[in-house]
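Asker: This is work_19.pdb, which holds PDB, C-alpha atoms and all ligand atoms:
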ATOM      1  CA  MET A  90      32.892-101.826 -45.479
ATOM      2  CA  LYS A  91      32.943 -98.083 -46.047
ATOM      3  CA  ALA A  92      33.722 -95.837 -43.071
ATOM      4  CA  ASP A  93      30.377 -94.065 -43.437
ATOM      5  CA  HIS A  94      28.457 -97.344 -43.162
ATOM      6  CA  PRO A  95      28.259 -98.482 -39.520
ATOM      7  CA  PRO A  96      28.085-102.293 -39.354
ATOM      8  CA  MET A  97      24.507-103.539 -39.298
ATOM      9  CA  LEU A  98      25.032-107.295 -39.693
ATOM     10  CA  GLU A  99      28.386-108.888 -38.872
ATOM     11  CA  LEU A 100      29.141-112.588 -39.181
ATOM     12  CA  ALA A 101      32.386-113.816 -37.629
ATOM     13  CA  GLY A 102      33.472-117.444 -37.841
ATOM     14  CA  VAL A 103      29.973-118.672 -38.595
ATOM     15  CA  SER A 104      29.701-122.401 -39.216
ATOM     16  CA  GLY A 105      26.512-124.357 -39.592
ATOM     17  CA  GLY A 106      24.791-127.369 -41.019
ATOM     18  CA  TYR A 107      22.178-129.997 -40.498
ATOM     19  CA  GLY A 108      22.559-132.849 -37.996
ATOM     20  CA  LYS A 109      26.053-134.311 -38.294
ATOM     21  CA  THR A 110      26.678-132.609 -41.630
ATOM     22  CA  GLN A 111      28.595-129.349 -41.654
ATOM     23  CA  ILE A 112      27.685-127.205 -44.666
ATOM     24  CA  ILE A 113      29.211-123.758 -44.033
ATOM     25  CA  ASP A 114      32.607-123.195 -42.474
ATOM     26  CA  GLN A 115      33.904-120.078 -40.719
ATOM     27  CA  ILE A 116      32.036-117.423 -42.684
ATOM     28  CA  ASP A 117      33.097-113.802 -42.040
ATOM     29  CA  LEU A 118      30.816-111.222 -43.597
ATOM     30  CA  SER A 119      29.907-107.642 -42.753
ATOM     31  CA  ILE A 120      27.079-105.502 -44.088
ATOM     32  CA  GLY A 121      26.833-101.836 -43.232
ATOM     33  CA  ALA A 122      23.741 -99.640 -43.137
ATOM     34  CA  GLY A 123      22.915 -98.704 -46.715
ATOM     35  CA  GLU A 124      25.238-101.328 -48.165
ATOM     36  CA  PHE A 125      24.263-103.930 -50.725
ATOM     37  CA  ILE A 126      26.248-107.147 -50.450
ATOM     38  CA  SER A 127      25.782-110.131 -52.737
ATOM     39  CA  LEU A 128      26.581-113.723 -51.992
ATOM     40  CA  LEU A 129      27.489-115.682 -55.094
ATOM     41  CA  GLY A 130      28.326-119.293 -55.801
ATOM     42  CA  ARG A 131      27.234-122.329 -57.741
ATOM     43  CA  ASN A 132      24.292-124.515 -56.768
ATOM     44  CA  GLY A 133      24.648-126.336 -53.466
ATOM     45  CA  MET A 134      27.603-124.275 -52.182
ATOM     46  CA  GLY A 135      25.840-123.166 -48.998
ATOM     47  CA  LYS A 136      24.255-119.804 -49.844
ATOM     48  CA  THR A 137      20.801-120.688 -48.547
ATOM     49  CA  THR A 138      22.327-122.465 -45.567
ATOM     50  CA  THR A 139      24.185-119.248 -44.699
ATOM     51  CA  VAL A 140      20.873-117.389 -44.778
ATOM     52  CA  ARG A 141      19.215-120.110 -42.741
ATOM     53  CA  ALA A 142      22.067-119.993 -40.206
ATOM     54  CA  ILE A 143      21.604-116.222 -39.840
ATOM     55  CA  MET A 144      17.851-116.684 -39.332
ATOM     56  CA  GLY A 145      18.243-119.575 -36.883
ATOM     57  CA  ILE A 146      16.560-122.059 -39.205
ATOM     58  CA  ALA A 147      19.539-124.187 -40.202
ATOM     59  CA  GLY A 148      19.946-127.358 -38.163
ATOM     60  CA  TRP A 149      22.730-125.760 -36.121
ATOM     61  CA  VAL A 150      24.962-122.693 -36.119
ATOM     62  CA  HIS A 151      28.121-121.646 -34.260
ATOM     63  CA  GLY A 152      30.047-118.397 -34.256
ATOM     64  CA  SER A 153      29.058-114.791 -33.838
ATOM     65  CA  ILE A 154      26.280-112.944 -35.647
ATOM     66  CA  LEU A 155      25.906-109.346 -34.529
ATOM     67  CA  LEU A 156      22.816-107.441 -35.598
ATOM     68  CA  ASN A 157      23.376-103.742 -34.926
ATOM     69  CA  GLY A 158      25.845-104.806 -32.229
ATOM     70  CA  SER A 159      23.673-107.425 -30.488
ATOM     71  CA  GLU A 160      24.490-111.139 -30.611
ATOM     72  CA  ILE A 161      21.744-113.140 -32.327
ATOM     73  CA  CYS A 162      23.643-116.342 -33.140
ATOM     74  CA  GLY A 163      21.581-119.266 -31.905
ATOM     75  CA  ALA A 164      18.603-117.120 -30.892
ATOM     76  CA  PRO A 165      15.091-118.378 -31.736
ATOM     77  CA  THR A 166      13.961-117.419 -35.252
ATOM     78  CA  HIS A 167      11.102-115.181 -34.131
ATOM     79  CA  ILE A 168      13.485-113.197 -31.922
ATOM     80  CA  ILE A 169      15.896-112.786 -34.850
ATOM     81  CA  ALA A 170      13.059-111.580 -37.081
ATOM     82  CA  GLN A 171      11.872-109.151 -34.402
ATOM     83  CA  SER A 172      15.433-107.945 -33.931
ATOM     84  CA  GLY A 173      15.341-106.575 -37.456
ATOM     85  CA  ILE A 174      16.109-109.076 -40.215
ATOM     86  CA  GLY A 175      13.527-109.343 -42.983
ATOM     87  CA  LEU A 176      13.818-112.485 -45.092
ATOM     88  CA  VAL A 177      12.575-112.992 -48.627
ATOM     89  CA  ALA A 178      13.088-116.733 -48.651
ATOM     90  CA  GLU A 179      13.982-118.978 -51.559
ATOM     91  CA  GLY A 180      10.669-120.053 -53.111
ATOM     92  CA  ARG A 181       8.718-117.017 -51.791
ATOM     93  CA  ARG A 182       6.557-118.899 -49.261
ATOM     94  CA  ILE A 183       3.620-116.514 -49.208
ATOM     95  CA  PHE A 184       0.353-117.667 -47.628
ATOM     96  CA  PRO A 185      -1.704-119.004 -50.590
ATOM     97  CA  ASN A 186      -5.059-118.860 -48.801
ATOM     98  CA  LEU A 187      -4.726-115.295 -47.516
ATOM     99  CA  THR A 188      -5.303-112.144 -49.548
ATOM    100  CA  VAL A 189      -2.485-109.761 -50.407
ATOM    101  CA  ALA A 190      -3.618-107.420 -47.617
ATOM    102  CA  GLU A 191      -3.828-110.306 -45.128
ATOM    103  CA  ASN A 192      -0.382-111.565 -46.130
ATOM    104  CA  LEU A 193       1.061-108.107 -45.466
ATOM    105  CA  ASP A 194      -0.915-107.573 -42.284
ATOM    106  CA  ALA A 195       0.275-110.883 -40.836
ATOM    107  CA  PHE A 196       3.833-109.506 -40.791
ATOM    108  CA  ALA A 197       3.141-105.905 -39.757
ATOM    109  CA  ALA A 198       5.322-104.848 -36.838
ATOM    110  CA  ASN A 199       7.378-101.861 -35.802
ATOM    111  CA  PRO A 200       9.305-103.184 -32.807
ATOM    112  CA  HIS A 201      12.004-100.517 -33.043
ATOM    113  CA  HIS A 202       9.554 -97.636 -33.316
ATOM    114  CA  HIS A 203      10.779 -96.339 -36.666
ATOM    115  CA  THR A 204       9.466 -92.830 -37.213
ATOM    116  CA  ASN A 205       8.558 -93.528 -40.842
ATOM    117  CA  PRO A 206       7.545 -97.203 -40.635
ATOM    118  CA  TRP A 207       6.550 -99.414 -43.524
ATOM    119  CA  THR A 208       2.769 -99.499 -43.858
ATOM    120  CA  MET A 209       0.559-101.139 -46.468
ATOM    121  CA  ASP A 210       0.237 -97.799 -48.276
ATOM    122  CA  ARG A 211       3.991 -97.347 -48.356
ATOM    123  CA  VAL A 212       4.449-100.918 -49.638
ATOM    124  CA  PHE A 213       1.864-100.304 -52.388
ATOM    125  CA  ALA A 214       3.637 -97.079 -53.369
ATOM    126  CA  LEU A 215       6.885 -99.031 -53.789
ATOM    127  CA  LEU A 216       5.221-102.083 -55.381
ATOM    128  CA  PRO A 217       2.296-100.635 -57.357
ATOM    129  CA  THR A 218       1.280-103.910 -59.011
ATOM    130  CA  LEU A 219       0.442-105.279 -55.558
ATOM    131  CA  GLY A 220      -1.940-102.447 -54.771
ATOM    132  CA  ASP A 221      -4.120-103.531 -57.699
ATOM    133  CA  ARG A 222      -4.392-107.038 -56.216
ATOM    134  CA  VAL A 223      -5.056-106.131 -52.604
ATOM    135  CA  LYS A 224      -8.056-108.470 -52.197
ATOM    136  CA  SER A 225      -6.679-111.291 -54.354
ATOM    137  CA  MET A 226      -5.717-114.572 -52.757
ATOM    138  CA  GLY A 227      -2.002-115.274 -52.669
ATOM    139  CA  GLU A 228      -2.401-118.400 -54.786
ATOM    140  CA  THR A 229      -3.990-116.429 -57.656
ATOM    141  CA  LEU A 230      -0.984-114.108 -58.046
ATOM    142  CA  SER A 231       1.543-114.483 -60.842
ATOM    143  CA  GLY A 232       5.096-115.485 -59.904
ATOM    144  CA  GLY A 233       6.206-111.863 -60.143
ATOM    145  CA  GLU A 234       3.346-110.644 -57.989
ATOM    146  CA  GLN A 235       4.104-113.341 -55.416
ATOM    147  CA  GLN A 236       7.700-112.184 -55.312
ATOM    148  CA  MET A 237       6.588-108.572 -54.839
ATOM    149  CA  LEU A 238       4.345-109.763 -52.023
ATOM    150  CA  ALA A 239       7.232-111.633 -50.399
ATOM    151  CA  ILE A 240       9.315-108.438 -50.527
ATOM    152  CA  GLY A 241       6.441-106.307 -49.223
ATOM    153  CA  ARG A 242       5.827-108.752 -46.404
ATOM    154  CA  ALA A 243       9.482-108.625 -45.331
ATOM    155  CA  LEU A 244       9.348-104.811 -45.384
ATOM    156  CA  MET A 245       6.239-104.834 -43.159
ATOM    157  CA  THR A 246       8.453-106.150 -40.347
ATOM    158  CA  ASN A 247      10.403-102.862 -40.600
ATOM    159  CA  PRO A 248      13.767-104.615 -40.903
ATOM    160  CA  LYS A 249      17.229-103.125 -40.480
ATOM    161  CA  VAL A 250      18.594-105.736 -42.848
ATOM    162  CA  LEU A 251      16.774-107.269 -45.802
ATOM    163  CA  ILE A 252      17.930-110.666 -47.037
ATOM    164  CA  LEU A 253      16.769-111.917 -50.431
ATOM    165  CA  ASP A 254      17.472-115.497 -51.485
ATOM    166  CA  GLU A 255      17.108-115.819 -55.278
ATOM    167  CA  ALA A 256      14.401-113.166 -55.491
ATOM    168  CA  THR A 257      14.524-113.020 -59.298
ATOM    169  CA  GLU A 258      14.614-116.792 -59.847
ATOM    170  CA  GLY A 259      12.217-118.010 -62.515
ATOM    171  CA  LEU A 260      10.780-114.580 -63.305
ATOM    172  CA  ALA A 261      10.317-112.896 -66.684
ATOM    173  CA  PRO A 262      13.052-110.380 -67.599
ATOM    174  CA  THR A 263      10.657-107.420 -67.265
ATOM    175  CA  VAL A 264       9.690-108.497 -63.738
ATOM    176  CA  ARG A 265      13.332-109.055 -62.837
ATOM    177  CA  THR A 266      14.113-105.520 -63.971
ATOM    178  CA  LEU A 267      11.319-104.224 -61.761
ATOM    179  CA  ILE A 268      12.754-106.072 -58.773
ATOM    180  CA  TRP A 269      16.226-104.633 -59.396
ATOM    181  CA  GLN A 270      14.684-101.143 -59.504
ATOM    182  CA  ILE A 271      12.873-101.776 -56.214
ATOM    183  CA  LEU A 272      16.078-102.990 -54.561
ATOM    184  CA  ALA A 273      17.948 -99.913 -55.812
ATOM    185  CA  GLU A 274      15.291 -97.732 -54.235
ATOM    186  CA  LEU A 275      15.496 -99.621 -50.929
ATOM    187  CA  LYS A 276      19.279 -99.269 -50.954
ATOM    188  CA  ASP A 277      18.915 -95.524 -51.558
ATOM    189  CA  GLN A 278      16.609 -95.387 -48.541
ATOM    190  CA  GLY A 279      19.477 -96.711 -46.412
ATOM    191  CA  LEU A 280      18.447-100.325 -45.879
ATOM    192  CA  ALA A 281      21.265-102.868 -45.514
ATOM    193  CA  ILE A 282      20.706-105.603 -48.090
ATOM    194  CA  LEU A 283      22.148-109.096 -48.511
ATOM    195  CA  ALA A 284      21.207-110.610 -51.844
ATOM    196  CA  ILE A 285      21.758-114.029 -53.304
ATOM    197  CA  ASP A 286      21.271-114.118 -57.026
ATOM    198  CA  LYS A 287      22.820-115.430 -60.212
ATOM    199  CA  HIS A 288      22.364-112.402 -62.507
ATOM    200  CA  LEU A 289      25.778-110.780 -62.342
ATOM    201  CA  GLY A 290      24.939-107.902 -64.688
ATOM    202  CA  PRO A 291      22.255-106.165 -62.619
ATOM    203  CA  LEU A 292      23.852-107.367 -59.349
ATOM    204  CA  GLY A 293      27.098-105.647 -60.331
ATOM    205  CA  ALA A 294      25.307-102.332 -60.762
ATOM    206  CA  LEU A 295      23.764-102.570 -57.272
ATOM    207  CA  SER A 296      26.358-104.356 -55.161
ATOM    208  CA  ASP A 297      29.017-102.634 -53.080
ATOM    209  CA  ARG A 298      30.803-105.937 -52.556
ATOM    210  CA  TYR A 299      30.585-109.594 -53.495
ATOM    211  CA  GLY A 300      31.397-112.696 -51.515
ATOM    212  CA  ILE A 301      31.771-116.025 -53.289
ATOM    213  CA  LEU A 302      30.868-119.216 -51.466
ATOM    214  CA  HIS A 303      32.477-122.451 -52.570
ATOM    215  CA  LYS A 304      31.840-125.687 -50.702
ATOM    216  CA  GLY A 305      30.686-123.754 -47.658
ATOM    217  CA  ARG A 306      33.672-121.411 -47.505
ATOM    218  CA  LEU A 307      33.896-117.764 -48.463
ATOM    219  CA  VAL A 308      36.705-118.131 -50.977
ATOM    220  CA  TRP A 309      36.750-114.694 -52.597
ATOM    221  CA  ARG A 310      35.568-111.232 -51.729
ATOM    222  CA  GLY A 311      35.817-107.943 -53.567
ATOM    223  CA  THR A 312      33.917-105.391 -55.598
ATOM    224  CA  PRO A 313      32.026-106.174 -58.805
ATOM    225  CA  SER A 314      34.713-104.403 -60.851
ATOM    226  CA  GLU A 315      37.460-106.411 -59.125
ATOM    227  CA  LEU A 316      35.611-109.609 -60.016
ATOM    228  CA  GLY A 317      35.240-108.403 -63.593
ATOM    229  CA  ASP A 318      39.045-108.219 -63.773
ATOM    230  CA  GLN A 319      39.411-111.846 -62.643
ATOM    231  CA  PRO A 320      37.995-114.159 -65.302
ATOM    232  CA  LYS A 321      39.770-117.120 -63.686
ATOM    233  CA  VAL A 322      37.860-116.577 -60.439
ATOM    234  CA  ILE A 323      34.619-116.361 -62.395
ATOM    235  CA  ALA A 324      35.397-119.538 -64.320
ATOM    236  CA  LYS A 325      36.512-121.445 -61.226
ATOM    237  CA  TYR A 326      33.689-120.531 -58.850
ATOM    238  CA  LEU A 327      30.813-119.255 -60.950
ATOM    239  CA  GLY A 328      31.213-120.794 -64.391
ATOM    240  CA  VAL A 329      28.922-123.535 -65.571
TER
HETATM  241  N1  LIG A 401      17.761-129.529 -44.666
HETATM  242  C1  LIG A 401      18.914-130.037 -45.111
HETATM  243  N2  LIG A 401      19.445-131.162 -44.582
HETATM  244  C2  LIG A 401      20.614-131.669 -45.017
HETATM  245  N3  LIG A 401      21.370-131.122 -46.012
HETATM  246  C3  LIG A 401      20.889-130.006 -46.581
HETATM  247  C4  LIG A 401      19.648-129.402 -46.170
HETATM  248  N4  LIG A 401      19.450-128.289 -46.927
HETATM  249  C5  LIG A 401      20.514-128.219 -47.761
HETATM  250  N5  LIG A 401      21.376-129.237 -47.560
HETATM  251  C6  LIG A 401      22.648-129.475 -48.275
HETATM  252  O1  LIG A 401      23.491-128.366 -48.022
HETATM  253  C7  LIG A 401      24.287-128.082 -49.171
HETATM  254  C8  LIG A 401      24.155-126.601 -49.479
HETATM  255  O2  LIG A 401      22.815-126.316 -49.841
HETATM  256  P1  LIG A 401      22.276-124.843 -49.950
HETATM  257  O3  LIG A 401      20.820-124.945 -50.162
HETATM  258  O4  LIG A 401      22.759-124.040 -48.812
HETATM  259  O5  LIG A 401      23.026-124.362 -51.277
HETATM  260  P2  LIG A 401      22.800-123.089 -52.202
HETATM  261  O6  LIG A 401      24.150-122.495 -52.404
HETATM  262  O7  LIG A 401      21.738-122.230 -51.647
HETATM  263  O8  LIG A 401      22.342-123.741 -53.575
HETATM  264  P3  LIG A 401      21.278-123.243 -54.696
HETATM  265  O9  LIG A 401      22.030-122.292 -55.573
HETATM  266  O10 LIG A 401      20.919-124.503 -55.419
HETATM  267  O11 LIG A 401      20.096-122.614 -53.999
HETATM  268  C9  LIG A 401      23.785-128.989 -50.279
HETATM  269  O12 LIG A 401      24.683-130.057 -50.398
HETATM  270  C10 LIG A 401      22.446-129.469 -49.771
HETATM  271  O13 LIG A 401      22.169-130.774 -50.239
HETATM  272 MG    MG A 402      19.879-121.659 -52.335
END
In C-alpha cells, what does this structure look like?

Answerer:
Amino acid sequence: MKADHPPMLELAGVSGGYGKTQIIDQIDLSIGAGEFISLLGRNGMGKTTTVRAIMGIAGWVHGSILLNGSEICGAPTHIIAQSGIGLVAEGRRIFPNLTVAENLDAFAANPHHHTNPWTMDRVFALLPTLGDRVKSMGETLSGGEQQMLAIGRALMTNPKVLILDEATEGLAPTVRTLIWQILAELKDQGLAILAIDKHLGPLGALSDRYGILHKGRLVWRGTPSELGDQPKVIAKYLGV
C-alpha cells in the first residue's frame, strides 16, 4: 500500500468456508483509500468465498477484517453493508420485478453523512444508459444495463469500499469497456476498489496491485508490471 493511501479495508489471517469445509486459508490483504486491488485466480480457487467472507455471507469466517479501522469480521451482513462496503455480487442479483429507480431507491443510504453523497441523479450522470431506463423493470434490462444497475445500486449505499465480483462476465466488449471507464472514474474519485475479474489487459491498466488466489491461499502478490515479468507465475496460477 502506498503511504498516501490510509488503509480502508484490511484482512489479516482471514480463513473461511462452508460447514466443515475450509475454502480460504489465512488471507492477508490491504486496500487503501483510492486504491484499486484485483484478486485473480482460476475458477473455484476461493475468490467469491473471500468476498463472501468479507461480507459475512460465507458459512463461517475467522480472522480480522478492519474496515476503516473497525473490526467487522463475523458481524451481521447488514451491519457490514452499513459500515461501508458496497458489493456488486457475482451474477448481479438485481430485483427483476422492481424498476431501475426502485432498485436504486431500495439501497439508498448515507449512514456516514458524506457531504457529496451518491444520489439517483449522480448515478445517472455516471451511468447514462441507466437514466434512459429509469421506469423499466429490472428483468427487461440487457445484461450490460443490469450490471450498470448493480453498480449504481452499490454506489447508492455510499460505500467506502466497492467490491466487484466478475462485473464484466458475459458482457459484450463495448459494455466491458464502458465498465472499465466507470471504474477508472470511481478510482479517480478516491473510492477503494476490490475487483475480481479475468481480463488482465484492462485490469492491469487500473490495478495498483494484484493478489493471486490458488486453492484458497494468496500465493502471489505484486503490481501488474511485476506479474507481466513473471510468465511462469501466469502459467502456473492463471493459465488455462
Ligand atoms: N455454498 C457453498 N458450499 C460449499 N462449497 C462451496 C460453496 N460455494 C462455493 N463452494 C466451493 O468453494 C470453492 C471455491 O469457490 P468460489 O466460488 O469461492 O471460487 P471462485 O474463485 O470465485 O471461482 P469462479 O472463478 O468460478 O467464480 C469451490 O470448490 C466451490 O465448490
Ligand atoms: Mg467466483

Asker: Take every atom of ligand LIG 401 (chain A) listed in the file, fit an axis-aligned box around them, add 6 Å per side, and give the centre and edge lengths in Å to one decimal as JSON.

Answerer:
{"center_x": 21.2, "center_y": -126.9, "center_z": -50.1, "size_x": 18.9, "size_y": 21.4, "size_z": 23.0}

Asker: Show me which residues sit within 10 Å of ligand MG 402 (chain A) when counting only C-alpha atoms and all ligand atoms, and put them as a VMD selection string.

Answerer: chain A and resid 130 to 141 178 to 180 254 to 255 285 to 286

Asker: Using all atoms listed in the file, collect all residues at a distance of at most 9 Å from (-5.6, -105.2, -48.0) as written in the file, then present them as a list of chain:residue names.

Answerer: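 Checked against the point, the hits come out as A:Thr188, A:Val189, A:Ala190, A:Glu191, A:Asn192, A:Leu193, A:Asp194, A:Met209, A:Gly220, A:Arg222, A:Val223, A:Lys224, A:Ser225.
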
Asker: The PyMOL selection byres (((chain A and resi 234-246) around 6) and not hetatm) - which residues does that actually catch in the file I just gave you? List them as a ChimeraX atom specification.

Answerer: /A:175-177,181,193,196-198,207,212,230-233,247-248

Asker: Just C-alpha atoms for this one: save the residues we selected as a tab-separated table (two decimals), in the frame of the given file.

Answerer:
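For reference, part-v5.tsv as written:
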chain	number	residue	atom	x	y	z
A	175	GLY	CA	13.53	-109.34	-42.98
A	176	LEU	CA	13.82	-112.48	-45.09
A	177	VAL	CA	12.58	-112.99	-48.63
A	181	ARG	CA	8.72	-117.02	-51.79
A	193	LEU	CA	1.06	-108.11	-45.47
A	196	PHE	CA	3.83	-109.51	-40.79
A	197	ALA	CA	3.14	-105.90	-39.76
A	198	ALA	CA	5.32	-104.85	-36.84
A	207	TRP	CA	6.55	-99.41	-43.52
A	212	VAL	CA	4.45	-100.92	-49.64
A	230	LEU	CA	-0.98	-114.11	-58.05
A	231	SER	CA	1.54	-114.48	-60.84
A	232	GLY	CA	5.10	-115.48	-59.90
A	233	GLY	CA	6.21	-111.86	-60.14
A	247	ASN	CA	10.40	-102.86	-40.60
A	248	PRO	CA	13.77	-104.62	-40.90

Asker: From the set A:Ala256, A:Leu292, A:Val264, A:Met97, which residue has the shortest atom-to-atom contact distance to ligand LIG 401 (chain A), counting only C-alpha atoms and all ligand atoms?

Answerer: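 Distance minimum relative to ligand LIG 401 (chain A) lands on A:Ala256.
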
Asker: For this file, the PyMOL selection byres (((chain A and resi 121) around 6) and not hetatm) selects which residues, as a PyMOL selection string?

Answerer: chain A and resi 94-97+120+122+124

Asker: Which residue is closest to ligand LIG 401 (chain A)? Choose from A:Leu267, A:Leu275, A:Leu302, A:Leu118 and count only C-alpha atoms and all ligand atoms.

Answerer: A:Leu302

Asker: Closest to ligand LIG 401 (chain A) among A:Lys109, A:His167, A:Arg182, A:Lys321, using all atoms listed in the file?

Answerer: A:Lys109

Asker: For Lys249 (chain A), which residue among A:Arg211, A:Thr263, A:Ala195, A:Ala170 is the nearest when counting all atoms listed in the file?

Answerer: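 Using all atoms listed in the file, Lys249 (chain A) sits closest to A:Ala170.
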
Asker: Got a sec to resolve the PyMOL selection byres (((chain A and resi 105) around 12) and not hetatm) on this structure and send the residues as a count of residues only?

Answerer: 37

Asker: Using CA of Asp117 (chain A) and CA of Lys304 (chain A) as the two end points, give the distance in Å to one decimal.

Answerer: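 So the two atoms, CA of Asp117 (chain A) and CA of Lys304 (chain A), lie 14.8 Å apart.
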
Asker: Kindly give the distance, in Å, that separates atom O6 of ligand LIG 401 (chain A) and CA of Ala164 (chain A), rounded to a single decimal.

Answerer: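 That distance, rounded to one decimal, is 22.9 Å.
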
Asker: Out of A:His303, A:Arg265, A:Arg298, A:His202, which residue has the shortest atom-to-atom distance to ligand LIG 401 (chain A) when counting only C-alpha atoms and all ligand atoms?

Answerer: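 Closest to ligand LIG 401 (chain A), using only C-alpha atoms and all ligand atoms: A:His303.
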
Asker: Pick from A:Val322, A:Leu307, A:Leu187, A:Ile271: nearest to ligand LIG 401 (chain A), with only C-alpha atoms and all ligand atoms counted?

Answerer: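 That would be A:Leu307, the residue with the smallest distance to ligand LIG 401 (chain A).
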
Asker: For a test of reading the model, state the distance in Å between CA of Gly123 (chain A) and CA of Asp297 (chain A), rounded to one decimal.

Answerer: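 We find that CA of Gly123 (chain A) and CA of Asp297 (chain A) lie 9.7 Å from each other.
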
Asker: Every residue with an atom at most 8 Å from (39.8, -118.4, -54.5) (file coordinates; all atoms listed in the file) is what I'm after, so could you write them as JSON, numbers by chain?

Answerer: {"A": [308, 309, 322, 326]}

Asker: Mind dumping the selected residues with C-alpha atoms as a PDB file, in the coordinates of the input?

Answerer:
ATOM      1  CA  VAL A 308      36.705-118.131 -50.977  1.00  0.00           C
ATOM      2  CA  TRP A 309      36.750-114.694 -52.597  1.00  0.00           C
ATOM      3  CA  VAL A 322      37.860-116.577 -60.439  1.00  0.00           C
ATOM      4  CA  TYR A 326      33.689-120.531 -58.850  1.00  0.00           C
TER       5      TYR A 326
END
